[in-house]
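First comes the structure, then the notes that go with it.
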Amino acid sequence: MRRLIVLVALLASACGGSTTAPSTPPVTSSSTTTTTSIPVIQTIQVAACPPAVVGFDMTFFHQFACDTYDRPASPQPTRRWTKAPNIYLRTLDDAGAAIDANTLDSTERAITDTLPLWSGYRATVTRGADSRIGQPGWITVIWKSDASQAICGLSDVATDGGQVGLFYRRGGGCRCPGGPEITPRTVKHELGHAMGYYHTDNTADLMAPGVAGCDAQPSGRELQAAAYQYR
């Protein structure tokens with residue numbers, strides 16, 4: 001038994017971090033992580049943040065994949081899905097109010113258009129009034145009705161059974177003018193967190209925090225880094 005415990009500890013060390021997702025403090029259009037243990041069937045791969053990657057600006061890559069923009073002194077292990085996650089899009093907010101069709105349609109399009117760019121995986125979206133939080137293989141998109149929050153989204157970082165929270169405030173500051181109640185840019189940014197990415201320092205990046213605007217696409221350097229991460 002002692003030898004088995006030592007072996008498990010060595011395996012966890014070799015991954016570059018613990019078998020739980022690192023915690024990240026919430027900021028505007030932010031990311032968080034949970035403490036859910038990685039399943040025995042590894043759906044989330046955790047690896048040490050690389051010291052160098054040929055062809056990359058490593059300052060950027062460490063921000064994007066290892067969280068050094070928000071936590072420069074504490075690089076995190078990289079995290080990625082080993083297979084395509086299923087996306088569960090809730091049709092009700094946390095108070096039981098229905099989300100309008102335009103917002104649901106816009107959110108689903110943002111997911112299906114951007115998941116392949118972030119990971120190479122094709123998105124499968126299921127809508128419903130339930131939840132898949134905590135269920136292996138799923139990311140659940142939930143709607144938060146708290147109008148007191150100064151953020152538009154909050155997401156777990158590459159967490160099996162994790163969630164993306166969108167702050168649905170009709171007429172609030174997270175909507176597109178005359179359009180959906182949550183911007184496609186916010187959805188794509190939070191989906192980036194859900195696929196394993198962190199904040200970056202350039203407003204041209206989709207993963208830059210607190211950037212206004214209804215919509216955007218990943219920058220060229222983000223696409224290059226994402227292709228390496230999911231190679």
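A note on labels: chains of the structure tokens are A, B, ... as shown, every chain counts residues from 1, and ligands are counted from 1 in their shown order.
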Q: Show which residues sit within 10 Å of Asp201 (chain A), as a list of chain:residue names. Count only C-alpha atoms, and ignore same-chain residues fewer than 2 positions away.
A: A:Thr59, A:Phe60, A:Gln63, A:Phe64, A:Thr68, A:Tyr69, A:Asp70, A:His199, A:Thr203, A:Ala204, A:Asp205, A:Met207, A:Ala208, A:Pro209
Just want the 12 Å neighbourhood of region 94-108 of chain A, counted on only C-alpha atoms, with same-chain residues fewer than 2 positions away dropped. Output as a PyMOL selection string. chain A and resi 87-92+110-115+123-131+141-146+164-170+174-176+178-191+214-215
Saved selection, atoms kept: C-alpha atoms, as a CSV table (one decimal), in the first residue's frame:
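The file below, result_35.csv, is the result:
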```csv
chain,number,residue,atom,x,y,z
A,87,ILE,CA,-22.4,21.4,-24.3
A,88,TYR,CA,-25.6,21.7,-22.3
A,89,LEU,CA,-27.3,25.1,-22.8
A,90,ARG,CA,-29.8,25.8,-20.1
A,91,THR,CA,-33.0,27.5,-21.3
A,92,LEU,CA,-33.9,29.0,-17.9
A,110,ALA,CA,-21.1,31.4,-30.8
A,111,ILE,CA,-20.3,28.0,-29.2
A,112,THR,CA,-20.6,26.0,-32.5
A,113,ASP,CA,-18.6,28.5,-34.4
A,114,THR,CA,-15.8,28.9,-31.9
A,115,LEU,CA,-15.3,25.5,-30.2
A,123,ALA,CA,-19.5,21.3,-30.8
A,124,THR,CA,-22.6,19.3,-29.9
A,125,VAL,CA,-25.1,21.5,-28.1
A,126,THR,CA,-28.2,20.2,-26.2
A,127,ARG,CA,-30.8,22.6,-24.8
A,128,GLY,CA,-32.9,22.0,-21.7
A,129,ALA,CA,-34.1,23.2,-18.3
A,130,ASP,CA,-32.0,20.8,-16.4
A,131,SER,CA,-28.2,20.8,-15.8
A,141,VAL,CA,-23.9,26.9,-19.8
A,142,ILE,CA,-26.0,28.5,-17.0
A,143,TRP,CA,-27.7,31.9,-16.7
A,144,LYS,CA,-27.2,34.0,-13.6
A,145,SER,CA,-29.8,36.7,-12.9
A,146,ASP,CA,-27.8,38.7,-10.3
A,164,VAL,CA,-19.9,28.5,-17.9
A,165,GLY,CA,-22.0,31.2,-16.1
A,166,LEU,CA,-23.5,34.1,-18.1
A,167,PHE,CA,-25.0,37.1,-16.4
A,168,TYR,CA,-28.3,37.5,-18.2
A,169,ARG,CA,-29.5,41.1,-17.5
A,170,ARG,CA,-32.1,42.3,-19.9
A,174,CYS,CA,-23.5,42.7,-21.3
A,175,ARG,CA,-25.8,42.8,-24.3
A,176,CYS,CA,-25.4,43.7,-27.9
A,178,GLY,CA,-30.6,45.8,-30.2
A,179,GLY,CA,-29.4,42.2,-30.1
A,180,PRO,CA,-29.0,39.3,-27.8
A,181,GLU,CA,-28.8,39.8,-24.0
A,182,ILE,CA,-25.3,38.4,-23.8
A,183,THR,CA,-22.7,39.3,-26.4
A,184,PRO,CA,-21.2,36.6,-28.6
A,185,ARG,CA,-17.8,37.9,-27.6
A,186,THR,CA,-18.5,37.1,-24.0
A,187,VAL,CA,-19.7,33.6,-24.9
A,188,LYS,CA,-16.6,32.9,-27.0
A,189,HIS,CA,-14.3,34.3,-24.2
A,190,GLU,CA,-15.8,32.1,-21.5
A,191,LEU,CA,-15.8,29.1,-23.8
A,214,CYS,CA,-20.5,42.8,-29.4
A,215,ASP,CA,-18.4,40.2,-31.2
```
Within 12 Å of Gly55 (chain A) using only C-alpha atoms, minus same-chain residues under 3 positions, as a PDB file with N, CA and C atoms, in the first residue's frame:
```pdb
ATOM      1  N   ALA A  52       9.654  26.326 -23.014  1.00  0.00           N
ATOM      2  CA  ALA A  52       9.885  26.945 -24.322  1.00  0.00           C
ATOM      3  C   ALA A  52       9.146  26.148 -25.380  1.00  0.00           C
ATOM      4  N   MET A  58       6.767  33.187 -25.995  1.00  0.00           N
ATOM      5  CA  MET A  58       6.503  32.414 -24.789  1.00  0.00           C
ATOM      6  C   MET A  58       5.857  33.240 -23.688  1.00  0.00           C
ATOM      7  N   PHE A  60       3.506  35.369 -24.212  1.00  0.00           N
ATOM      8  CA  PHE A  60       2.087  35.234 -24.540  1.00  0.00           C
ATOM      9  C   PHE A  60       1.583  33.830 -24.230  1.00  0.00           C
ATOM     10  N   PHE A  61       2.319  32.796 -24.648  1.00  0.00           N
ATOM     11  CA  PHE A  61       1.835  31.438 -24.456  1.00  0.00           C
ATOM     12  C   PHE A  61       1.644  31.119 -22.973  1.00  0.00           C
ATOM     13  N   ARG A 221      -2.424  34.864 -33.056  1.00  0.00           N
ATOM     14  CA  ARG A 221      -1.539  34.187 -32.113  1.00  0.00           C
ATOM     15  C   ARG A 221      -2.326  33.255 -31.180  1.00  0.00           C
ATOM     16  N   GLN A 224      -2.852  30.073 -33.211  1.00  0.00           N
ATOM     17  CA  GLN A 224      -1.613  29.303 -33.275  1.00  0.00           C
ATOM     18  C   GLN A 224      -1.364  28.562 -31.955  1.00  0.00           C
ATOM     19  N   ALA A 225      -1.559  29.267 -30.849  1.00  0.00           N
ATOM     20  CA  ALA A 225      -1.336  28.651 -29.542  1.00  0.00           C
ATOM     21  C   ALA A 225      -2.363  27.562 -29.261  1.00  0.00           C
ATOM     22  N   TYR A 228      -1.473  24.430 -31.070  1.00  0.00           N
ATOM     23  CA  TYR A 228      -0.394  23.713 -30.379  1.00  0.00           C
ATOM     24  C   TYR A 228      -0.931  22.992 -29.141  1.00  0.00           C
TER      25      TYR A 228
END
```
Practice item. Output as a ChimeraX atom specification all residues of region 50-212 of chain A that backbone DSSP marks as alpha helix (DSSP H). Key: /A:58-66,101-119,184-194
Write a file of the selected residues as a JSON list (two decimals), in the first residue's frame, keeping N, CA and C atoms.
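New file part.json:
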```
[["chain", "number", "residue", "atom", "x", "y", "z"],
["A", 58, "MET", "N", 6.77, 33.19, -26.00],
["A", 58, "MET", "CA", 6.50, 32.41, -24.79],
["A", 58, "MET", "C", 5.86, 33.24, -23.69],
["A", 59, "THR", "N", 6.11, 34.56, -23.68],
["A", 59, "THR", "CA", 5.41, 35.41, -22.72],
["A", 59, "THR", "C", 3.91, 35.30, -22.94],
["A", 60, "PHE", "N", 3.51, 35.37, -24.21],
["A", 60, "PHE", "CA", 2.09, 35.23, -24.54],
["A", 60, "PHE", "C", 1.58, 33.83, -24.23],
["A", 61, "PHE", "N", 2.32, 32.80, -24.65],
["A", 61, "PHE", "CA", 1.84, 31.44, -24.46],
["A", 61, "PHE", "C", 1.64, 31.12, -22.97],
["A", 62, "HIS", "N", 2.54, 31.63, -22.13],
["A", 62, "HIS", "CA", 2.39, 31.39, -20.70],
["A", 62, "HIS", "C", 1.17, 32.13, -20.14],
["A", 63, "GLN", "N", 0.85, 33.30, -20.68],
["A", 63, "GLN", "CA", -0.39, 33.97, -20.28],
["A", 63, "GLN", "C", -1.59, 33.14, -20.71],
["A", 64, "PHE", "N", -1.60, 32.75, -21.95],
["A", 64, "PHE", "CA", -2.74, 32.08, -22.58],
["A", 64, "PHE", "C", -3.01, 30.70, -22.00],
["A", 65, "ALA", "N", -1.95, 29.93, -21.78],
["A", 65, "ALA", "CA", -2.11, 28.54, -21.38],
["A", 65, "ALA", "C", -1.77, 28.26, -19.93],
["A", 66, "CYS", "N", -1.07, 29.22, -19.26],
["A", 66, "CYS", "CA", -0.56, 28.94, -17.90],
["A", 66, "CYS", "C", -0.94, 30.02, -16.89],
["A", 101, "ALA", "N", -35.44, 33.46, -27.13],
["A", 101, "ALA", "CA", -34.94, 32.63, -28.22],
["A", 101, "ALA", "C", -33.75, 33.27, -28.93],
["A", 102, "ASN", "N", -33.77, 34.59, -29.11],
["A", 102, "ASN", "CA", -32.68, 35.27, -29.81],
["A", 102, "ASN", "C", -31.37, 35.08, -29.06],
["A", 103, "THR", "N", -31.40, 35.21, -27.74],
["A", 103, "THR", "CA", -30.19, 35.05, -26.94],
["A", 103, "THR", "C", -29.71, 33.61, -26.96],
["A", 104, "LEU", "N", -30.62, 32.65, -26.86],
["A", 104, "LEU", "CA", -30.24, 31.25, -26.92],
["A", 104, "LEU", "C", -29.62, 30.90, -28.28],
["A", 105, "ASP", "N", -30.25, 31.37, -29.34],
["A", 105, "ASP", "CA", -29.73, 31.09, -30.69],
["A", 105, "ASP", "C", -28.36, 31.70, -30.89],
["A", 106, "SER", "N", -28.18, 32.95, -30.45],
["A", 106, "SER", "CA", -26.90, 33.64, -30.59],
["A", 106, "SER", "C", -25.81, 32.91, -29.79],
["A", 107, "THR", "N", -26.16, 32.48, -28.59],
["A", 107, "THR", "CA", -25.20, 31.78, -27.74],
["A", 107, "THR", "C", -24.79, 30.45, -28.36],
["A", 108, "GLU", "N", -25.77, 29.70, -28.86],
["A", 108, "GLU", "CA", -25.43, 28.42, -29.49],
["A", 108, "GLU", "C", -24.55, 28.61, -30.71],
["A", 109, "ARG", "N", -24.84, 29.64, -31.54],
["A", 109, "ARG", "CA", -24.00, 29.90, -32.71],
["A", 109, "ARG", "C", -22.57, 30.24, -32.30],
["A", 110, "ALA", "N", -22.43, 31.05, -31.26],
["A", 110, "ALA", "CA", -21.08, 31.42, -30.79],
["A", 110, "ALA", "C", -20.31, 30.18, -30.35],
["A", 111, "ILE", "N", -21.00, 29.25, -29.71],
["A", 111, "ILE", "CA", -20.35, 28.02, -29.25],
["A", 111, "ILE", "C", -19.95, 27.14, -30.43],
["A", 112, "THR", "N", -20.91, 26.89, -31.34],
["A", 112, "THR", "CA", -20.63, 25.99, -32.45],
["A", 112, "THR", "C", -19.60, 26.57, -33.41],
["A", 113, "ASP", "N", -19.55, 27.91, -33.54],
["A", 113, "ASP", "CA", -18.56, 28.53, -34.42],
["A", 113, "ASP", "C", -17.16, 28.53, -33.82],
["A", 114, "THR", "N", -17.07, 28.61, -32.49],
["A", 114, "THR", "CA", -15.78, 28.88, -31.86],
["A", 114, "THR", "C", -15.13, 27.66, -31.23],
["A", 115, "LEU", "N", -15.89, 26.66, -30.79],
["A", 115, "LEU", "CA", -15.28, 25.48, -30.20],
["A", 115, "LEU", "C", -14.27, 24.83, -31.15],
["A", 116, "PRO", "N", -14.55, 24.71, -32.46],
["A", 116, "PRO", "CA", -13.53, 24.14, -33.35],
["A", 116, "PRO", "C", -12.26, 24.99, -33.43],
["A", 117, "LEU", "N", -12.39, 26.31, -33.31],
["A", 117, "LEU", "CA", -11.22, 27.17, -33.35],
["A", 117, "LEU", "C", -10.38, 27.02, -32.08],
["A", 118, "TRP", "N", -11.04, 26.85, -30.95],
["A", 118, "TRP", "CA", -10.33, 26.71, -29.68],
["A", 118, "TRP", "C", -9.69, 25.35, -29.51],
["A", 119, "SER", "N", -10.22, 24.32, -30.18],
["A", 119, "SER", "CA", -9.79, 22.96, -29.85],
["A", 119, "SER", "C", -9.68, 22.00, -31.02],
["A", 184, "PRO", "N", -21.97, 37.75, -28.14],
["A", 184, "PRO", "CA", -21.21, 36.59, -28.62],
["A", 184, "PRO", "C", -19.75, 36.63, -28.17],
["A", 185, "ARG", "N", -19.18, 37.83, -28.05],
["A", 185, "ARG", "CA", -17.79, 37.93, -27.60],
["A", 185, "ARG", "C", -17.63, 37.34, -26.19],
["A", 186, "THR", "N", -18.57, 37.64, -25.32],
["A", 186, "THR", "CA", -18.51, 37.09, -23.97],
["A", 186, "THR", "C", -18.60, 35.57, -23.99],
["A", 187, "VAL", "N", -19.52, 35.04, -24.78],
["A", 187, "VAL", "CA", -19.68, 33.58, -24.87],
["A", 187, "VAL", "C", -18.38, 32.94, -25.35],
["A", 188, "LYS", "N", -17.78, 33.50, -26.39],
["A", 188, "LYS", "CA", -16.55, 32.92, -26.96],
["A", 188, "LYS", "C", -15.39, 33.02, -25.97],
["A", 189, "HIS", "N", -15.32, 34.12, -25.24],
["A", 189, "HIS", "CA", -14.27, 34.30, -24.24],
["A", 189, "HIS", "C", -14.42, 33.26, -23.13],
["A", 190, "GLU", "N", -15.62, 33.10, -22.60],
["A", 190, "GLU", "CA", -15.83, 32.15, -21.52],
["A", 190, "GLU", "C", -15.64, 30.71, -22.00],
["A", 191, "LEU", "N", -16.01, 30.44, -23.24],
["A", 191, "LEU", "CA", -15.76, 29.12, -23.81],
["A", 191, "LEU", "C", -14.26, 28.86, -23.89],
["A", 192, "GLY", "N", -13.48, 29.92, -24.18],
["A", 192, "GLY", "CA", -12.02, 29.77, -24.17],
["A", 192, "GLY", "C", -11.52, 29.30, -22.82],
["A", 193, "HIS", "N", -12.04, 29.91, -21.74],
["A", 193, "HIS", "CA", -11.67, 29.44, -20.40],
["A", 193, "HIS", "C", -12.06, 27.96, -20.22],
["A", 194, "ALA", "N", -13.27, 27.62, -20.65],
["A", 194, "ALA", "CA", -13.76, 26.26, -20.47],
["A", 194, "ALA", "C", -12.91, 25.23, -21.22]]
```
Notebook entry, point to check: Of the candidates A:Gln76, A:Thr43, A:Ser155, A:Asn202, which one gets nearest to Gly137 (chain A) if we count only C-alpha atoms?
Noted result: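 The shortest atom-to-atom distance to Gly137 (chain A) comes from A:Thr43.
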List the neighbours of region 157-159 of chain A out to 6 Å using only C-alpha atoms; skip same-chain residues closer than 6 positions along the sequence, and give me the result as a ChimeraX atom specification. /A:33,79-80,193-196
Practice problem: Go through A:Gln45, A:Ala150, A:Pro75, A:Thr140 one by one, measure the shortest atom-to-atom distance of each to Gly172 (chain A) using only C-alpha atoms, and give the residue with the smallest value. | Solution: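 Result for the nearest residue to Gly172 (chain A): A:Ala150.
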As a check of understanding: the span from CA of Lys83 (chain A) to CA of Ile44 (chain A) is 8.5 Å
- May I ask for the distance between CA of Ala48 (chain A) and CA of Thr78 (chain A), given in Å to one decimal place?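 Between these atoms lies a distance of 6.2 Å.
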| query | Which is closest to Arg71 (chain A) among A:Asn86, A:Gln135, A:Thr200, A:Gln42, if we use only C-alpha atoms? | reply |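 Comparing A:Asn86, A:Gln135, A:Thr200, A:Gln42 against Arg71 (chain A), the winner is A:Thr200.
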Open item on the list: So that I can check the secondary structure, give me every residue of region 12-212 of chain A assigned strand (DSSP E) by backbone DSSP, as a PyMOL selection string.
Closed with: chain A and resi 30-32+44-47+78-81+86-93+124-128+138-144+153-156+163-167
